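Below is one structure; the comments refer to it alone.
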Amino acid sequence: MLTMIRFHPVHHGLAVKVSFFGAMNMLGLAKRVNARILQASTSEVYGDAQESPQTESYWGNVNCHGVRACYDEGKRVAETLFFDFHRQHKIEVRVARIFNTFGPGMHPYDGRVVSNFIMQALSGEDITIYGDGGQTRSFCFVDDLIEGLVRLMNNDTEIGPMNIGNPTEFTIKQLAEMTVRLTKSPSKIIYKPLPQDDPKQRRPDISFAKSALDWEPNVALEEGLAKTIEYFSKLDMRNFKKPTTHDAHKNSEAEEKRAKNASPVRSNGISAATK
Ligand code: UDP
């Protein structure tokens, strides 16, 4: 659910609400039934990271009032709850920071880069790169991710936070080109504005997971992408409803315009006078 609403304009507040109350309720349940509980946290807690690769000890660089904050801060506050419950109530928490993950089973309209590019390539539409495509992500195939999560849950000593992701980094442009090549698509690559606070680089340091869980990803991007393309090409699209158009990049355009037109107001939307 959180994935579906993470950047929806109307539901921004809801993302924080789901993260906080969802974590609170589930931790209460875990306490009552004495269960071990996993938080599917995210690399998003690092924000627009100034360190690369990101280690678990990095505290992050998050804009707390931007369009992306609902997701970043929601996950951060959920981590806070998990560790508080662990300290105060001795709940057996496990906190995994999941980096960009993809694979068969993705929703064709979830708006993520892998599903967008494959859907666009398969239907011959333009491939939409936001920004100049120089931003990086490290894509983990879903089977590798699940194996990491299962190992973390079965580990009796380590509670996290632990990065679970693929440390091989690609630019978004490279991903677009690879998708076009693998689908043999006639689509052309076009460029759209970069959403506000879009992280420039993201790459996990997985030393902790390697040593604690004896885990590392096995599936390279190209291999996983081929499997994902096959999945998308067989989907019966009548079973999926198109979402309302998302406006993450419109937000950044509006922000830029506002900054240009009203000089005393800074680009972050806060009046200089209030700072
Ligand atoms: N992106 C893009 N075109 C799209 C969708 C996303 O260029 O159609 C970019 C997006 O701006 C970001 C990267 O791809 O830089 C990954 O986006 P995604 O939403 O998949 O994941 P996240 O930003 O949460 O890492």
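How things are named: the first chain in the structure tokens is A, the next is B, and so on; residues count from 1 in each chain; ligands count from 1 in the order shown.
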
Return as number ranges by chain every polymer residue, whether protein, DNA or RNA, with at least one atom no more than 10 Å from an atom of ligand 1; count only C-alpha atoms and all ligand atoms. A: 3, 6-7, 42-44, 47, 68, 71-72, 99-102, 110-120, 126-139, 171-173, 175-176, 190-202, 248-249

Within 7 Å of Phe20 in chain A, counting only C-alpha atoms, which residues qualify if same-chain residues fewer than 3 places away don't, as a list in words?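 With the cut-off at 7 Å, the set is Val16, Lys17, Ala23, Met24, Gly74, Val77 and Ala78 of chain A.
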
Run DSSP on the backbone and tell me which residues of range 24-240 of chain A come out as strand (DSSP E or B); list them as JSON, numbers by chain. {"A": [37, 38, 39, 40, 41, 42, 47, 54, 61, 93, 94, 95, 96, 97, 98, 101, 102, 127, 128, 129, 130, 136, 137, 138, 140, 141, 162, 163, 164, 169, 170, 171, 189, 190, 191, 192, 204]}

I want to know what sits within 8 Å of range 141-156 of chain A, based on only C-alpha atoms, with residues of the same chain fewer than 3 positions away left out; could you give that as a list of chain:residue names? A:Arg36, A:Ile37, A:Leu38, A:Arg94, A:Ala96, A:Ile98, A:Thr101, A:Phe102, A:Gly103, A:Pro104, A:Ile159, A:Ile164, A:Gly165, A:Asn166, A:Ala209, A:Leu213, A:Trp215, A:Glu216, A:Pro217, A:Asn218, A:Val219, A:Ala220, A:Leu221, A:Gly224

Could you pull out the alpha helix (DSSP H) residues of range 64-173 of chain A from DSSP and send them as a ChimeraX atom specification? /A:69-89,113-122,142-154,172-173

For range 233-241 of chain A, please output as a short mmCIF file (atom, residue, chain, number, x, y, z; two decimals) with all heavy atoms, in the first residue's frame all residues within 8 Å (counting only C-alpha atoms; exclusion window: fewer than 4 positions along the same chain).
data_model
loop_
_atom_site.label_atom_id
_atom_site.label_comp_id
_atom_site.auth_asym_id
_atom_site.auth_seq_id
_atom_site.Cartn_x
_atom_site.Cartn_y
_atom_site.Cartn_z
N PRO A 108 2.18 -2.86 -13.39
CA PRO A 108 2.61 -2.12 -14.58
C PRO A 108 2.49 -0.60 -14.45
O PRO A 108 3.15 0.14 -15.16
CB PRO A 108 1.68 -2.64 -15.69
CG PRO A 108 0.53 -3.26 -14.98
CD PRO A 108 1.04 -3.75 -13.67
N LEU A 122 7.66 -1.71 -24.52
CA LEU A 122 6.83 -2.76 -25.12
C LEU A 122 5.69 -2.18 -25.95
O LEU A 122 5.23 -2.79 -26.91
CB LEU A 122 6.26 -3.70 -24.04
CG LEU A 122 7.27 -4.62 -23.35
CD1 LEU A 122 6.60 -5.44 -22.26
CD2 LEU A 122 7.97 -5.54 -24.36
N ILE A 229 10.98 -8.34 -18.39
CA ILE A 229 10.38 -7.99 -19.69
C ILE A 229 9.45 -9.12 -20.14
O ILE A 229 8.33 -8.89 -20.61
CB ILE A 229 11.49 -7.74 -20.74
CG1 ILE A 229 12.21 -6.43 -20.42
CG2 ILE A 229 10.92 -7.71 -22.17
CD1 ILE A 229 13.51 -6.20 -21.16
#

Nearest-residue call for Thr80 in chain A, choices A:Pro161, A:Gly13, A:Pro243, A:Pro53, using only C-alpha atoms: A:Pro161
